[in-house]
Amino acid sequence: MSNSNHYDVTTWPIGNASEDVGEVINSIIADIKARQTVTDENDGGKPGAVIYLPPGDYHLRTQVVIDVSFLKIQGSGHGFTSSSIRFNVPEEEWPDLHELWPGGSRVIVDIPLSDDPPGKDESKGAAFYIERSGSPRISSVEFSNFCIDGLHFTPDGSGLPAENSYVNGKTGIYVASANDSFRVNAMGFVYLENALTIYKADALSLHDNFIAECGSCIELRGWGQASKITDNLMGAGFKGHSIYAQNHGGLLITANNIFPRGASSIHFDGVTRSSVSNNRLHSFYPGMVVLAENSSENLVATNHFLRDHEPWTPFLGVDNGRDDLYGLLSISGNNNSVIGNHFSEIVDAESIRPSGATPVIIHLAEGAGNFVSNNHVVAMDVRAASSDSCFSAQVDALLTTGASEGLAVTAVLVDAASARNTILDSGNDAQVIADRSVNAVRATPTIGFAAETAQTSQAAGIHR
């Protein structure tokens with residue numbers, strides 16, 4: 001028995017943390033519940049506890065079930081390293097690699113895979129499962145500074161190598177019930193089909209995590225409010241979302257560096273009065289940011305969007321199923337503000353789909369009253385290159401700004417189902433396609449247009 005509220009999984013007498021850390025943590029949680037039974041003693045009663053994972057590898061064969069508040073599980077290193085790069089290096093080169101696996105305080109998810117059809121009960125594959133009914137909601141559960149590693153992906157019938165499928169039925173952290181003030185900070189997630197799946201979150205903080213090479217990175221489901229996703233480095237697989245939020249209000253998404261190859265960087269489904277600001281977003285496909293299902297009164301401001309080509313040989317030909325008419329930013333909702341964003345569309349004109357189409361940058365598909373102002377679009381036609389080296393190929397692509405021809409784009413497309421919008425200084429007259437009888441449009445002046453106007457004014461004797 002522990003006489004304090006600090007536990008070390010390597011010294012706990014029940015179970016073997018190296019063989020099954022899940023059994024050990026569940027035993028510790030049972031001890032916490034057995035010792036902390038009084039709800040009101042000296043203005044306290046259930047302070048919770050800290051469970052510590054020293055640096056090392058810990059297989060998890062038993063799902064951890066958390067039903068107590070004020071529990072913090074922490075390690076001493078998020079341990080992320082790219083498993084995708086390793087698995088796409090020829091096996092004969094593995095002996096020369098400095099390391100083969102993620103490190104730090106590393107939880108290896110070895111829960112037996114279910115034979116159930118996909119989606120039947122995805123929570124069974126979660127390393128950490130959190131649920132509690134009754135009142136109050138479970139509160140202040142924290143995960144900090146360790147790695148959750150799904151180890152391998154599995155074949156999905158696509159013909160891709162199994163380790164590139166992003167499928168294995170495993171989830172890092174799954175929160176099933178309404179929760180308050182949860183924190184996931186400084187964590188590493190790798191090779192999980194879903195890194196974080198969280199239902200009914202209130203005042204959730206996801207901060208300074210490294211979440212990559214997972215099918216989906218962050219999914220906020222059901223509903224939620226007043227949460228934040230800040231300062232994370234992340235990138236999902238081509239089948240999933242880097243950030244997905246459903247029926248949330250007051251969500252703050254700020255200062256994240258979101259890299260490819262997620263089907264979307266950020267996807268809102270019925271999200272209102274939320275902010276997407278100061279993020280760096282990079283994608284190989286259209287549909288980078290999607291505001292769908294009447295997502296309204298949101299602010300999308302001062303983000304950097306980069307859409308270019310997949311440069312890494314193992315994933316050539318993979319996409320998210322959307323063509324270039326979809327838009328890098330697509331909006332179906334009302335009264336959203338899109339202000340001061342930078343868009344870089346750096347693609348090979350020959351790769352545009354449908355062939356010969358003009359790519360769309362901002363697409364107002366449905367809704368009314370949206371405000372689009374002072375966005376800057378850079379569009380270049382480049383010859384796409386590829387390489388077997390993930391790191392050098394992507395860095396070379398990012399740093400190349402040399403001589404390229406301009407690419408014709410539609411900066412703003414307003415469909416007939418969207419009206420009473422205001423579009424200011426976000427594309428020249430030819431780049432903004434909108435019914436000007438039902439939308440207010442002020443085009444960005446072009447240099448030629450400005451010169452022509454000045455000459456006309458002088459000829460007419462007009463002086464300002």
# chains A, B, ... in the order shown; residues from 1 in each chain; ligands from 1
>>> residues_around(residues="Gln63 of chain A", least_positions_apart="2", cutoff="9 Å", atoms="only C-alpha atoms", output="PyMOL selection string")
chain A and resi 22-23+26+60-61+65+109+111+124-129
>>> residues_around(residues="Ile362 of chain A", least_positions_apart="4", cutoff="7 Å", atoms="only C-alpha atoms", output="tab-separated table (two decimals) with N, CA and C atoms, in the first residue's frame")
chain	number	residue	atom	x	y	z
A	327	GLY	N	-11.81	23.84	-52.93
A	327	GLY	CA	-11.28	24.97	-52.16
A	327	GLY	C	-10.31	24.51	-51.09
A	328	LEU	N	-9.32	25.35	-50.81
A	328	LEU	CA	-8.46	25.07	-49.66
A	328	LEU	C	-9.21	25.32	-48.37
A	329	LEU	N	-10.06	26.35	-48.37
A	329	LEU	CA	-10.96	26.64	-47.25
A	329	LEU	C	-12.38	26.59	-47.79
A	330	SER	N	-13.19	25.71	-47.22
A	330	SER	CA	-14.58	25.55	-47.67
A	330	SER	C	-15.52	25.85	-46.51
A	411	ALA	N	-9.69	33.00	-56.40
A	411	ALA	CA	-9.38	33.32	-55.01
A	411	ALA	C	-10.60	33.12	-54.11
A	412	VAL	N	-11.76	33.55	-54.58
A	412	VAL	CA	-13.00	33.38	-53.81
A	412	VAL	C	-14.10	32.93	-54.76
A	413	LEU	N	-14.72	31.82	-54.46
A	413	LEU	CA	-15.87	31.32	-55.22
A	413	LEU	C	-17.08	31.31	-54.30
>>> select_by_dssp(residues="segment 174-273 of chain A", states="strand (DSSP E)", output="PyMOL selection string")
chain A and resi 174-175+179-180+183-185+188-190+194-202+205-207+210-214+216-225+228-230+233-236+241-246+248-249+252-254+257-258+264-269
>>> closest_residue(among="A:Asn334, A:Ser76, A:Asn179, A:Asn257", to="Gly222 of chain A", atoms="only C-alpha atoms")
A:Asn179
>>> residues_around(residues="segment 265-269 of chain A", least_positions_apart="6", cutoff="7 Å", atoms="only C-alpha atoms", output="list in words")
His241, Ser242, Ile243, Tyr244, Ala245, Gln246, Asn247, Ile258, Leu281, Met288, Val289, Val290, Leu291, Ala292, Glu293 and Ser295 of chain A
>>> residues_around(residues="His248 of chain A", least_positions_apart="3", cutoff="7 Å", atoms="only C-alpha atoms", output="ChimeraX atom specification")
/A:223-225,245,251,271-272
>>> closest_atom_pairs(of="segment 109-149 of chain A", to="segment 200-204 of chain A", cutoff="10 Å", atoms="only C-alpha atoms", output="tab-separated table")
residue	atom	partner	partner_atom	distance
A:Arg137	CA	A:Asp202	CA	9.8
A:Ser139	CA	A:Asp202	CA	9.5
A:Ser140	CA	A:Leu204	CA	9.2
>>> write_last_selection(atoms="N, CA and C atoms", output="PDB file, in the first residue's frame")
ATOM      1  N   ARG A 137     -19.328  15.803 -13.171  1.00  0.00           N
ATOM      2  CA  ARG A 137     -18.569  15.151 -14.236  1.00  0.00           C
ATOM      3  C   ARG A 137     -17.154  14.837 -13.756  1.00  0.00           C
ATOM      4  N   SER A 139     -13.351  15.066 -13.603  1.00  0.00           N
ATOM      5  CA  SER A 139     -12.665  16.341 -13.775  1.00  0.00           C
ATOM      6  C   SER A 139     -11.160  16.194 -13.570  1.00  0.00           C
ATOM      7  N   SER A 140     -10.421  17.049 -14.257  1.00  0.00           N
ATOM      8  CA  SER A 140      -8.985  17.238 -14.013  1.00  0.00           C
ATOM      9  C   SER A 140      -8.182  15.943 -14.109  1.00  0.00           C
TER      10      SER A 140
END
>>> closest_residue(among="A:Phe284, A:Phe146, A:Tyr174, A:Phe259", to="Ile218 of chain A", atoms="only C-alpha atoms")
A:Tyr174
>>> residues_around(residues="Val276 of chain A", least_positions_apart="6", cutoff="7 Å", atoms="only C-alpha atoms", output="ChimeraX atom specification")
/A:252-254,299-301
>>> write_last_selection(atoms="N, CA and C atoms", output="compact mmCIF listing (two decimals), in the first residue's frame")
# COMPACT_ATOMS: atom_id res chain seq x y z
N LEU A 252 -10.92 27.25 -29.21
CA LEU A 252 -9.77 28.05 -29.64
C LEU A 252 -8.71 27.13 -30.23
N ILE A 253 -8.37 27.34 -31.50
CA ILE A 253 -7.32 26.59 -32.18
C ILE A 253 -6.26 27.59 -32.62
N THR A 254 -5.13 27.59 -31.93
CA THR A 254 -4.14 28.65 -32.13
C THR A 254 -2.72 28.11 -32.06
N LEU A 299 -14.23 32.66 -36.45
CA LEU A 299 -13.15 33.52 -36.95
C LEU A 299 -12.02 32.65 -37.47
N VAL A 300 -11.65 32.85 -38.74
CA VAL A 300 -10.49 32.19 -39.34
C VAL A 300 -9.54 33.32 -39.74
N ALA A 301 -8.49 33.52 -38.96
CA ALA A 301 -7.69 34.73 -39.14
C ALA A 301 -6.20 34.46 -38.99
>>> closest_atom_pairs(of="segment 146-188 of chain A", to="segment 303-318 of chain A", cutoff="9 Å", atoms="only C-alpha atoms", output="Markdown table")
| residue | atom | partner | partner_atom | distance |
| --- | --- | --- | --- | --- |
| A:Leu160 | CA | A:Pro314 | CA | 8.5 |
| A:Pro161 | CA | A:Pro314 | CA | 8.9 |
| A:Asn164 | CA | A:Phe315 | CA | 8.3 |
>>> write_last_selection(atoms="N, CA and C atoms", output="PDB file, in the first residue's frame")
ATOM      1  N   LEU A 160      -1.458  -0.662 -50.432  1.00  0.00           N
ATOM      2  CA  LEU A 160      -0.316  -0.016 -49.794  1.00  0.00           C
ATOM      3  C   LEU A 160       0.346  -0.980 -48.823  1.00  0.00           C
ATOM      4  N   PRO A 161       1.626  -0.829 -48.579  1.00  0.00           N
ATOM      5  CA  PRO A 161       2.248  -1.630 -47.519  1.00  0.00           C
ATOM      6  C   PRO A 161       1.499  -1.447 -46.209  1.00  0.00           C
ATOM      7  N   ASN A 164       1.869   1.577 -43.959  1.00  0.00           N
ATOM      8  CA  ASN A 164       1.440   2.882 -44.460  1.00  0.00           C
ATOM      9  C   ASN A 164      -0.078   3.022 -44.493  1.00  0.00           C
TER      10      ASN A 164
END
